[in-house]
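> Data file final-v9.txt (compact mmCIF, C-alpha atoms) is appended below.
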# COMPACT_ATOMS: atom_id res chain seq x y z
CA MET A 1 39.89 83.80 -25.22
CA ALA A 2 40.10 83.19 -21.42
CA ALA A 3 36.47 84.14 -20.74
CA ARG A 4 35.28 82.15 -23.76
CA GLN A 5 37.20 79.07 -22.56
CA ASN A 6 34.90 78.76 -19.55
CA THR A 7 31.91 78.03 -21.74
CA GLN A 8 33.49 76.57 -24.91
CA PRO A 9 31.40 73.39 -25.50
CA LEU A 10 33.30 70.22 -26.35
CA GLY A 11 30.21 68.09 -26.82
CA LYS A 12 26.68 67.89 -25.52
CA TYR A 13 27.69 68.02 -21.85
CA LEU A 14 31.26 69.10 -21.18
CA THR A 15 32.84 72.52 -21.54
CA LEU A 16 36.52 73.16 -22.08
CA ALA A 17 36.78 74.60 -18.56
CA ALA A 18 35.30 71.46 -17.00
CA PHE A 19 37.66 69.28 -19.03
CA CYS A 20 40.72 71.33 -18.04
CA THR A 21 40.03 71.94 -14.34
CA CYS A 22 38.80 68.60 -12.97
CA THR A 23 41.97 67.28 -11.31
CA GLN A 24 42.66 67.44 -7.58
CA THR A 25 46.06 69.01 -8.32
CA TYR A 26 44.44 71.84 -10.25
CA ALA A 27 41.90 72.37 -7.46
CA ARG A 28 44.72 72.74 -4.92
CA TYR A 29 46.93 75.04 -7.01
CA ALA A 30 44.45 76.75 -9.34
CA ASP A 31 45.99 80.18 -8.82
CA GLN A 32 49.35 78.86 -10.09
CA ILE A 33 48.31 76.64 -13.01
CA ASP A 34 47.14 77.64 -16.48
CA PRO A 35 45.01 74.58 -17.32
CA PHE A 36 44.09 75.48 -20.89
CA PRO A 37 45.59 74.30 -24.19
CA LYS A 38 47.82 76.58 -26.23
CA ASN A 39 47.53 74.75 -29.57
CA LEU A 40 43.79 75.41 -29.82
CA ALA A 41 43.56 74.80 -33.57
CA GLU A 42 44.52 71.13 -33.13
CA THR A 43 43.75 70.33 -29.49
CA LEU A 44 40.14 71.56 -29.45
CA PRO A 45 39.05 69.29 -32.34
CA ALA A 46 40.74 66.32 -30.60
CA LEU A 47 38.90 67.02 -27.33
CA GLU A 48 35.64 67.53 -29.21
CA ALA A 49 36.08 64.18 -31.00
CA LEU A 50 36.67 62.38 -27.67
CA CYS A 51 33.49 63.91 -26.28
CA ARG A 52 31.37 63.28 -29.37
CA HIS A 53 32.44 59.67 -29.96
CA VAL A 54 32.97 58.40 -26.40
CA LEU A 55 31.82 60.66 -23.57
CA ASP A 56 28.52 61.91 -25.00
CA PRO A 57 27.24 58.34 -25.63
CA VAL A 58 28.36 57.27 -22.14
CA ILE A 59 26.59 60.23 -20.51
CA ASP A 60 23.50 59.70 -22.68
CA GLN A 61 23.33 56.14 -21.34
CA PHE A 62 24.17 56.61 -17.65
CA GLY A 63 23.18 60.23 -16.99
CA TRP A 64 25.04 63.45 -16.40
CA GLU A 65 24.44 63.33 -12.65
CA ARG A 66 26.34 60.00 -12.39
CA PHE A 67 29.28 61.00 -14.61
CA GLN A 68 32.49 62.01 -12.81
CA LEU A 69 35.43 63.30 -14.84
CA THR A 70 38.57 62.81 -12.74
CA TYR A 71 41.30 63.73 -15.23
CA GLY A 72 40.81 65.47 -18.54
CA PHE A 73 43.23 67.66 -20.46
CA CYS A 74 46.75 68.07 -19.10
CA SER A 75 48.33 71.43 -19.88
CA ALA A 76 52.09 71.98 -19.76
CA ASP A 77 51.59 73.84 -16.46
CA LEU A 78 49.58 70.98 -14.96
CA LYS A 79 52.19 68.48 -16.17
CA ARG A 80 54.88 70.38 -14.25
CA TRP A 81 52.77 70.42 -11.08
CA LEU A 82 51.96 66.71 -11.31
CA ALA A 83 55.70 65.98 -11.34
CA LYS A 84 56.33 68.07 -8.20
CA LYS A 85 56.39 66.47 -4.76
CA ASP A 86 53.88 67.42 -2.12
CA PRO A 87 55.85 69.07 0.70
CA LEU A 88 53.78 67.23 3.34
CA THR A 89 53.78 63.69 1.92
CA GLY A 90 56.91 63.72 -0.23
CA LYS A 91 54.90 62.03 -2.99
CA LYS A 92 54.36 63.41 -6.48
CA HIS A 93 51.04 65.19 -6.96
CA GLY A 94 50.21 62.78 -9.75
CA ILE A 95 51.40 60.74 -12.65
CA ALA A 96 51.93 62.27 -16.04
CA THR A 97 53.28 60.29 -18.97
CA PRO A 98 52.59 62.72 -21.81
CA SER A 99 54.50 60.72 -24.42
CA LEU A 100 52.04 57.82 -23.95
CA ASP A 101 48.73 58.73 -22.34
CA GLN A 102 47.28 61.33 -24.78
CA HIS A 103 46.07 63.63 -21.97
CA MET A 104 48.03 66.50 -23.57
CA ALA A 105 46.19 65.95 -26.86
CA HIS A 106 47.92 67.91 -29.65
CA GLU A 107 49.98 70.25 -27.50
CA VAL A 108 53.54 70.93 -28.62
CA ASN A 109 56.72 71.40 -26.59
CA GLN A 110 59.30 74.18 -26.88
CA ASN A 111 60.86 72.42 -29.86
CA GLY A 112 57.55 72.41 -31.73
CA ARG A 113 57.08 68.63 -31.35
CA TYR A 114 53.94 66.97 -30.05
CA TYR A 115 54.22 65.79 -26.45
CA CYS A 116 52.50 62.58 -27.59
CA ASP A 117 53.09 61.40 -31.15
CA ARG A 118 49.96 59.24 -30.94
CA LEU A 119 47.82 62.39 -30.95
CA GLY A 120 44.13 62.23 -30.11
CA ALA A 121 42.90 63.03 -26.58
CA ALA A 122 42.25 61.16 -23.35
CA CYS A 123 40.44 61.39 -20.04
CA ASP A 124 39.74 59.39 -16.89
CA PHE A 125 36.20 59.07 -15.57
CA ARG A 126 33.81 56.90 -13.63
CA ILE A 127 30.07 56.39 -13.35
CA VAL A 128 28.77 56.68 -9.79
CA ASP A 129 27.36 53.39 -8.42
CA LEU A 130 28.57 51.40 -11.43
CA PRO A 131 31.62 49.13 -11.17
CA SER A 132 34.13 50.16 -13.81
CA ASP A 133 34.31 46.64 -15.25
CA GLU A 134 30.60 46.93 -16.06
CA LEU A 135 31.28 50.33 -17.65
CA VAL A 136 33.92 48.69 -19.86
CA ASP A 137 31.42 45.91 -20.67
CA TRP A 138 29.01 48.55 -21.96
CA ILE A 139 31.67 50.46 -23.96
CA VAL A 140 32.81 47.25 -25.66
CA ALA A 141 29.25 46.02 -26.31
CA GLN A 142 28.36 49.37 -27.91
CA ARG A 143 31.51 49.24 -30.01
CA LEU A 144 32.44 52.78 -29.08
CA PRO A 145 35.60 53.69 -30.98
CA PHE A 146 38.67 54.25 -28.82
CA ASP A 147 42.42 54.08 -29.06
CA SER A 148 43.40 52.83 -25.57
CA LEU A 149 41.40 51.93 -22.48
CA TYR A 150 43.11 51.39 -19.10
CA PHE A 151 41.17 49.41 -16.50
CA TYR A 152 42.61 50.04 -13.01
CA GLY A 153 39.97 48.14 -11.04
CA ALA A 154 36.22 47.93 -10.53
CA ASP A 155 36.24 50.72 -7.93
CA ARG A 156 38.49 53.14 -9.84
CA PRO A 157 37.96 55.42 -12.85
CA ILE A 158 38.89 54.16 -16.31
CA HIS A 159 41.21 55.91 -18.74
CA ILE A 160 40.09 56.12 -22.35
CA SER A 161 41.51 57.84 -25.40
CA TYR A 162 40.18 58.65 -28.83
CA GLY A 163 42.70 59.18 -31.59
CA PRO A 164 43.56 58.44 -35.18
CA GLN A 165 44.94 54.96 -34.48
CA HIS A 166 41.65 53.55 -33.08
CA LYS A 167 43.56 50.53 -31.77
CA GLY A 168 40.83 49.47 -29.38
CA ALA A 169 43.57 48.29 -27.00
CA ILE A 170 42.49 47.41 -23.46
CA TRP A 171 45.04 47.22 -20.66
CA THR A 172 45.01 46.24 -17.00
CA PHE A 173 47.89 46.73 -14.59
CA THR A 174 49.96 44.50 -12.33
CA ARG A 175 50.38 45.33 -8.64
CA GLN A 176 53.64 47.02 -9.59
CA GLY A 177 51.79 49.25 -12.06
CA THR A 178 53.05 47.55 -15.23
CA PRO A 179 50.56 47.48 -18.13
CA THR A 180 49.43 43.99 -19.12
CA ARG A 181 46.82 42.34 -21.33
CA GLN A 182 46.18 39.70 -18.65
CA GLY A 183 42.70 40.10 -17.28
CA THR A 184 41.32 41.72 -20.43
CA GLU A 185 40.07 38.48 -22.00
CA ARG A 186 36.54 39.32 -20.89
CA TRP A 187 36.56 42.23 -23.34
CA THR A 188 39.03 41.24 -26.01
CA SER A 189 37.60 37.81 -26.72
CA ALA A 190 33.95 38.80 -26.41
CA PRO A 191 31.77 37.97 -29.41
CA PRO A 192 30.51 40.95 -31.37
CA SER A 193 27.28 42.45 -30.10
CA PRO A 194 24.17 42.04 -32.29
CA ASP A 195 23.34 45.03 -34.46
Can the structure from this file be put into structure tokens for me?

Amino acid sequence: MAARQNTQPLGKYLTLAAFCTCTQTYARYADQIDPFPKNLAETLPALEALCRHVLDPVIDQFGWERFQLTYGFCSADLKRWLAKKDPLTGKKHGIATPSLDQHMAHEVNQNGRYYCDRLGAACDFRIVDLPSDELVDWIVAQRLPFDSLYFYGADRPIHISYGPQHKGAIWTFTRQGTPTRQGTERWTSAPPSPD
């Protein structure tokens, strides 16, 4: 399956390899990280649904050349590396909250339980030369289905998930990194777009 994973399409634009190898941590430690899912029967359909319902429409609108995927699927190996500290800086390579963020999709732990009970799949991305608040404006206006959307700031990528709950929840973050609904009124109280 390894050779096939490089070209396995998830939607109109993204392959499984692109979705699994886009992080800076993977780029630095590629020879030590297996980035691919193990529970293919459940995780692949979740990743495909995220691409079909969210990412494909976004790329159709803004163009493939402007789309930048910054964090896609998180394998168990990548999760371990994100939790490790960089020997030079002393900081963790990244943040992984698999029980909440849906980046591990339908992967299961050693006890056979899902890492994230919410299921679905998630990714972080940006559109070059488009402030992320305007990207969120477009997603909301188009009524793209999503579970959770995290807005970190106009100059940072957004996080979006697609899963069975379809909560449509939008979150911003305080300076301390705590999720909050403050600052989301622009999107949560917006009138429905005309059909």
> Pick the closest to Gly72 (chain A) from A:Phe19, A:Tyr29, A:Trp171, A:Phe36: which is it, counting only C-alpha atoms?
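Selected residue with least distance to Gly72 (chain A): A:Phe19.
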> In Å, with one decimal, what is the gap from CA of Tyr71 (chain A) to CA of Ile33 (chain A)?
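So the two atoms, CA of Tyr71 (chain A) and CA of Ile33 (chain A), lie 14.9 Å apart.
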> What separation in Å, quoted to one decimal, exists between CA of Thr180 (chain A) and CA of Ser148 (chain A)?
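Between these atoms lies a distance of 12.5 Å.
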> Kindly provide the residues of region 20-67 of chain A that approach region 77-85 of chain A to within 10 Å, each paired with its closest atom pair and their distance in Å to one decimal, based on only C-alpha atoms, listed by chain and increasing number, as CSV.

residue,atom,partner,partner_atom,distance
A:Cys20,CA,A:Leu78,CA,9.4
A:Thr21,CA,A:Leu78,CA,9.6
A:Thr23,CA,A:Leu78,CA,9.2
A:Thr25,CA,A:Leu82,CA,7.0
A:Tyr26,CA,A:Leu78,CA,7.0
A:Tyr29,CA,A:Trp81,CA,8.5
A:Ala30,CA,A:Leu78,CA,9.5
A:Gln32,CA,A:Asp77,CA,8.4
A:Ile33,CA,A:Asp77,CA,5.5
A:Asp34,CA,A:Asp77,CA,5.9
A:Pro35,CA,A:Leu78,CA,6.3
A:Phe36,CA,A:Asp77,CA,8.9
A:Pro37,CA,A:Asp77,CA,9.8
> Taking all atoms listed in the file into account, which of A:Ala27, A:Val128, A:Leu40, A:Leu10 comes nearest Ala105 (chain A)?
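Among the listed residues, the smallest separation from Ala105 (chain A) belongs to A:Leu40.
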> What is the CA of Cys116 (chain A) to CA of Ile158 (chain A) distance in Å?
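Distance reported for this atom pair: 19.6 Å.
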> Using only C-alpha atoms, which of A:Arg118, A:Arg52, A:Lys12, A:Lys38 sits nearest Gln165 (chain A)?
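With only C-alpha atoms as the atom set, the closest residue is A:Arg118.
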> Pick out the residues sitting within 6 Å of region 155-157 of chain A, and hand them over as an MDAnalysis selection string; count only C-alpha atoms, and ignore anything fewer than 6 positions along from it in its own chain.
chainID A and resid 124:126 131
> Can you tell me, as a list in words, which residues sit within 6 Å of (39.3, 63.7, -29.4) in the file's frame, using all atoms listed in the file?
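Returned residue set, sorted by chain then number, is Ala46, Leu47, Glu48, Ala49, Leu50, Gly120, Ala121 and Tyr162 of chain A.
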> Identify which of the residues A:Val54, A:Ile170, A:Ile127, A:Ile160 lies closest to Gln102 (chain A), counting all atoms listed in the file when measuring atom-to-atom distances.
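When distances to Gln102 (chain A) are compared using all atoms listed in the file, the smallest one comes from A:Ile160.
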> Could you check which of A:Glu134, A:Ala154, A:Leu88, A:Tyr13 is closest to Asp60 (chain A), using all atoms listed in the file?
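Answer, going by the shortest atom-to-atom distance: A:Tyr13.
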> Which residue is closest to Val140 (chain A)? Choose from A:Phe73, A:Trp187, A:Phe67, A:Phe62 and count all atoms listed in the file.
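Closest candidate: A:Trp187.
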> If we count all atoms listed in the file, what is near Thr178 (chain A) at a cut-off of 12 Å, once residues fewer than 5 positions away on the same chain are taken out, given as an NGL selection string?
:A and (150 or 152 or 171-173)
> Box for region 178-190 of chain A: with edges along x, y and z, all listed atoms inside and 6 Å added on each side, what are the centre and edge lengths in Å to one decimal, as JSON?

{"center_x": 43.5, "center_y": 42.7, "center_z": -21.0, "size_x": 31.1, "size_y": 21.7, "size_z": 23.5}
> If you count all atoms listed in the file, which residues fall within 12 Å of Gln110 (chain A), apart from same-chain ones fewer than 3 positions away, as a list in words?
Lys38, Ala76, Glu107, Arg113, Tyr114 and Tyr115 of chain A
> Fewer than 4 positions away in the same chain doesn't count, so skip those; otherwise give me all residues within 9 Å of Asp137 (chain A), counting all atoms listed in the file, as number ranges by chain.
A: 132-133, 141-142, 186-187
